[in-house]
Amino acid sequence: MQDDEIKIKVVESIQEIKIFLKIQKGDGFKHSYYLTQARLRELFENREVFLKVVFGQKIIGFVSFKYETKTRARLQFLSILSKYQRTGVGKRLLERIVNITKKRGVQLLYFISEEKAEGMGIFLEKFGFQKAGFHKNRFGDNKHATFFNLKV
């Protein structure tokens with residue numbers, strides 16, 4: 001996979017995010033929480049920023065983030081189809097988010113990862129995120145989460 005074949009773009013319309021439901025189900029993780037069309041619409045309408053990863057003509061991944069304060073943003077729903085994981089796509093996606101948020105004055109990015117998604121934690125730590133906390137029963141049904149921070 002060539003670097004110039006991968007494009008990371010801001011999602012401009014609600015129509016573009018419908019594919020995200022399939023991508024999340026095809027990323028190889030068993031999530032405690034799966035997106036729905038209604039939740040995607042709500043996030044989009046509430047100014048959540050979505051980035052899509054395009055390879056050729058195919059959307060292969062996405063992430064969203066929201067500015068919570070002038071200096072802090074929350075990442076969520078980082079998802080890349082399993083076929084394209086371990087190719088540098090996730091790293092490029094996070095680099096893009098860091099560049100975008102840094103220009104807006106963000107100093108801290110954080111991500112809440114499901115406890116059982118160990119691969120996500122390993123990936124985030126390789127990128128420079130640090131474990132910042134643990135929350136029992138974060139997602140209900142006795143499902144736990146780890147908080148990761150990245151100083152930008």
# chains A, B, ... in the order shown; residues from 1 in each chain; ligands from 1
>>> residues_around(residues="A:Gly26", least_positions_apart="2", cutoff="10 Å", atoms="only C-alpha atoms", output="list in words")
Phe20, Leu21, Lys22, Ile23, Gln24, Gly28, Phe29, Lys30, Ile60, Gly61, Ser79, Ile80, Leu81, Ser82 and Lys83 of chain A
>>> write_last_selection(atoms="N, CA and C atoms", output="short mmCIF file (atom, residue, chain, number, x, y, z; two decimals), in the first residue's frame")
data_model
loop_
_atom_site.label_atom_id
_atom_site.label_comp_id
_atom_site.auth_asym_id
_atom_site.auth_seq_id
_atom_site.Cartn_x
_atom_site.Cartn_y
_atom_site.Cartn_z
N PHE A 20 -19.77 3.80 7.90
CA PHE A 20 -19.02 3.62 9.15
C PHE A 20 -19.55 2.48 10.00
N LEU A 21 -20.84 2.19 9.90
CA LEU A 21 -21.42 1.08 10.67
C LEU A 21 -20.79 -0.24 10.23
N LYS A 22 -20.62 -0.42 8.92
CA LYS A 22 -20.01 -1.65 8.41
C LYS A 22 -18.53 -1.71 8.76
N ILE A 23 -17.86 -0.58 8.70
CA ILE A 23 -16.43 -0.55 9.02
C ILE A 23 -16.22 -0.94 10.48
N GLN A 24 -17.03 -0.40 11.37
CA GLN A 24 -16.86 -0.73 12.79
C GLN A 24 -17.07 -2.23 13.02
N GLY A 28 -12.57 -6.11 13.43
CA GLY A 28 -11.98 -7.22 14.16
C GLY A 28 -12.15 -7.15 15.67
N PHE A 29 -12.69 -6.09 16.20
CA PHE A 29 -12.91 -5.97 17.64
C PHE A 29 -14.36 -6.29 17.95
N LYS A 30 -14.60 -6.87 19.09
CA LYS A 30 -15.96 -7.06 19.58
C LYS A 30 -16.24 -5.90 20.52
N ILE A 60 -12.03 2.90 4.14
CA ILE A 60 -11.52 1.75 4.90
C ILE A 60 -11.40 2.03 6.40
N GLY A 61 -11.67 3.26 6.81
CA GLY A 61 -11.55 3.57 8.22
C GLY A 61 -12.12 4.94 8.53
N SER A 79 -11.58 3.34 13.97
CA SER A 79 -11.90 2.04 13.40
C SER A 79 -11.33 1.93 11.99
N ILE A 80 -10.59 0.86 11.77
CA ILE A 80 -10.01 0.59 10.44
C ILE A 80 -10.31 -0.87 10.13
N LEU A 81 -10.78 -1.12 8.92
CA LEU A 81 -11.04 -2.51 8.54
C LEU A 81 -9.82 -3.37 8.83
N SER A 82 -10.06 -4.56 9.37
CA SER A 82 -8.95 -5.42 9.83
C SER A 82 -7.93 -5.69 8.72
N LYS A 83 -8.38 -5.79 7.49
CA LYS A 83 -7.49 -6.05 6.35
C LYS A 83 -6.42 -4.96 6.20
#
>>> select_by_dssp(residues="chain A", states="alpha helix (DSSP H)", output="VMD selection string")
chain A and resid 20 to 25 37 to 45 89 to 103 118 to 127
>>> write_last_selection(atoms="N, CA and C atoms", output="compact mmCIF listing (two decimals), in the first residue's frame")
# COMPACT_ATOMS: atom_id res chain seq x y z
N PHE A 20 -19.77 3.80 7.90
CA PHE A 20 -19.02 3.62 9.15
C PHE A 20 -19.55 2.48 10.00
N LEU A 21 -20.84 2.19 9.90
CA LEU A 21 -21.42 1.08 10.67
C LEU A 21 -20.79 -0.24 10.23
N LYS A 22 -20.62 -0.42 8.92
CA LYS A 22 -20.01 -1.65 8.41
C LYS A 22 -18.53 -1.71 8.76
N ILE A 23 -17.86 -0.58 8.70
CA ILE A 23 -16.43 -0.55 9.02
C ILE A 23 -16.22 -0.94 10.48
N GLN A 24 -17.03 -0.40 11.37
CA GLN A 24 -16.86 -0.73 12.79
C GLN A 24 -17.07 -2.23 13.02
N LYS A 25 -18.01 -2.81 12.32
CA LYS A 25 -18.26 -4.25 12.48
C LYS A 25 -17.19 -5.09 11.80
N GLN A 37 -27.27 4.29 13.08
CA GLN A 37 -27.52 5.44 12.20
C GLN A 37 -27.97 6.65 13.02
N ALA A 38 -28.84 6.42 13.98
CA ALA A 38 -29.35 7.53 14.80
C ALA A 38 -28.22 8.19 15.59
N ARG A 39 -27.34 7.38 16.16
CA ARG A 39 -26.22 7.94 16.95
C ARG A 39 -25.25 8.69 16.04
N LEU A 40 -24.96 8.16 14.87
CA LEU A 40 -24.09 8.86 13.92
C LEU A 40 -24.67 10.22 13.54
N ARG A 41 -25.96 10.24 13.24
CA ARG A 41 -26.63 11.49 12.87
C ARG A 41 -26.55 12.50 14.03
N GLU A 42 -26.80 12.02 15.23
CA GLU A 42 -26.74 12.90 16.41
C GLU A 42 -25.34 13.50 16.58
N LEU A 43 -24.32 12.67 16.48
CA LEU A 43 -22.94 13.14 16.62
C LEU A 43 -22.60 14.15 15.53
N PHE A 44 -22.97 13.83 14.31
CA PHE A 44 -22.68 14.70 13.18
C PHE A 44 -23.37 16.05 13.35
N GLU A 45 -24.62 16.03 13.75
CA GLU A 45 -25.38 17.27 13.93
C GLU A 45 -24.88 18.08 15.13
N VAL A 89 -1.85 3.00 8.39
CA VAL A 89 -3.03 3.84 8.17
C VAL A 89 -3.47 4.51 9.47
N GLY A 90 -3.53 3.75 10.54
CA GLY A 90 -3.94 4.31 11.83
C GLY A 90 -3.01 5.40 12.31
N LYS A 91 -1.73 5.18 12.12
CA LYS A 91 -0.73 6.19 12.51
C LYS A 91 -0.94 7.48 11.71
N ARG A 92 -1.15 7.35 10.42
CA ARG A 92 -1.39 8.54 9.59
C ARG A 92 -2.66 9.27 10.01
N LEU A 93 -3.68 8.50 10.38
CA LEU A 93 -4.93 9.10 10.82
C LEU A 93 -4.73 9.89 12.11
N LEU A 94 -4.02 9.32 13.06
CA LEU A 94 -3.75 10.04 14.31
C LEU A 94 -2.85 11.25 14.08
N GLU A 95 -1.87 11.13 13.20
CA GLU A 95 -1.02 12.28 12.88
C GLU A 95 -1.86 13.43 12.32
N ARG A 96 -2.82 13.10 11.49
CA ARG A 96 -3.69 14.12 10.91
C ARG A 96 -4.51 14.81 12.00
N ILE A 97 -5.05 14.02 12.92
CA ILE A 97 -5.82 14.60 14.02
C ILE A 97 -4.95 15.51 14.88
N VAL A 98 -3.76 15.07 15.19
CA VAL A 98 -2.84 15.91 15.98
C VAL A 98 -2.59 17.23 15.26
N ASN A 99 -2.34 17.19 13.97
CA ASN A 99 -2.10 18.42 13.20
C ASN A 99 -3.31 19.34 13.21
N ILE A 100 -4.49 18.77 13.00
CA ILE A 100 -5.72 19.58 12.98
C ILE A 100 -5.97 20.22 14.34
N THR A 101 -5.90 19.42 15.38
CA THR A 101 -6.24 19.93 16.71
C THR A 101 -5.18 20.88 17.25
N LYS A 102 -3.94 20.61 16.93
CA LYS A 102 -2.85 21.49 17.39
C LYS A 102 -3.03 22.91 16.84
N LYS A 103 -3.46 23.01 15.59
CA LYS A 103 -3.69 24.32 14.98
C LYS A 103 -4.79 25.09 15.70
N GLU A 118 -7.34 -4.77 23.85
CA GLU A 118 -5.91 -4.62 24.18
C GLU A 118 -5.10 -4.09 23.01
N GLY A 119 -5.46 -4.51 21.81
CA GLY A 119 -4.74 -4.06 20.61
C GLY A 119 -4.83 -2.55 20.45
N MET A 120 -5.97 -1.98 20.79
CA MET A 120 -6.13 -0.52 20.71
C MET A 120 -5.19 0.16 21.69
N GLY A 121 -5.10 -0.36 22.90
CA GLY A 121 -4.20 0.22 23.90
C GLY A 121 -2.75 0.16 23.46
N ILE A 122 -2.35 -0.96 22.91
CA ILE A 122 -0.98 -1.11 22.41
C ILE A 122 -0.71 -0.11 21.30
N PHE A 123 -1.66 0.02 20.37
CA PHE A 123 -1.51 0.97 19.26
C PHE A 123 -1.40 2.40 19.79
N LEU A 124 -2.27 2.79 20.70
CA LEU A 124 -2.25 4.15 21.24
C LEU A 124 -0.93 4.44 21.95
N GLU A 125 -0.45 3.49 22.73
CA GLU A 125 0.81 3.68 23.45
C GLU A 125 1.99 3.80 22.48
N LYS A 126 1.99 3.04 21.40
CA LYS A 126 3.05 3.17 20.39
C LYS A 126 3.07 4.57 19.79
N PHE A 127 1.89 5.16 19.67
CA PHE A 127 1.79 6.50 19.10
C PHE A 127 2.19 7.58 20.12
>>> closest_residue(among="A:Val53, A:Thr36, A:Asp27, A:Glu68", to="A:Ile8", atoms="only C-alpha atoms")
A:Val53
>>> atom_distance(atom1="atom CA of A:Glu5", atom2="atom CA of A:Gln57")
9.7 Å
>>> atom_distance(atom1="atom CA of A:Gln130", atom2="atom CA of A:Tyr34")
24.8 Å
>>> select_by_dssp(residues="stretch 51-144 of chain A", states="strand (DSSP E or B)", output="ChimeraX atom specification")
/A:51-55,58-67,72-80,108-114,130-135
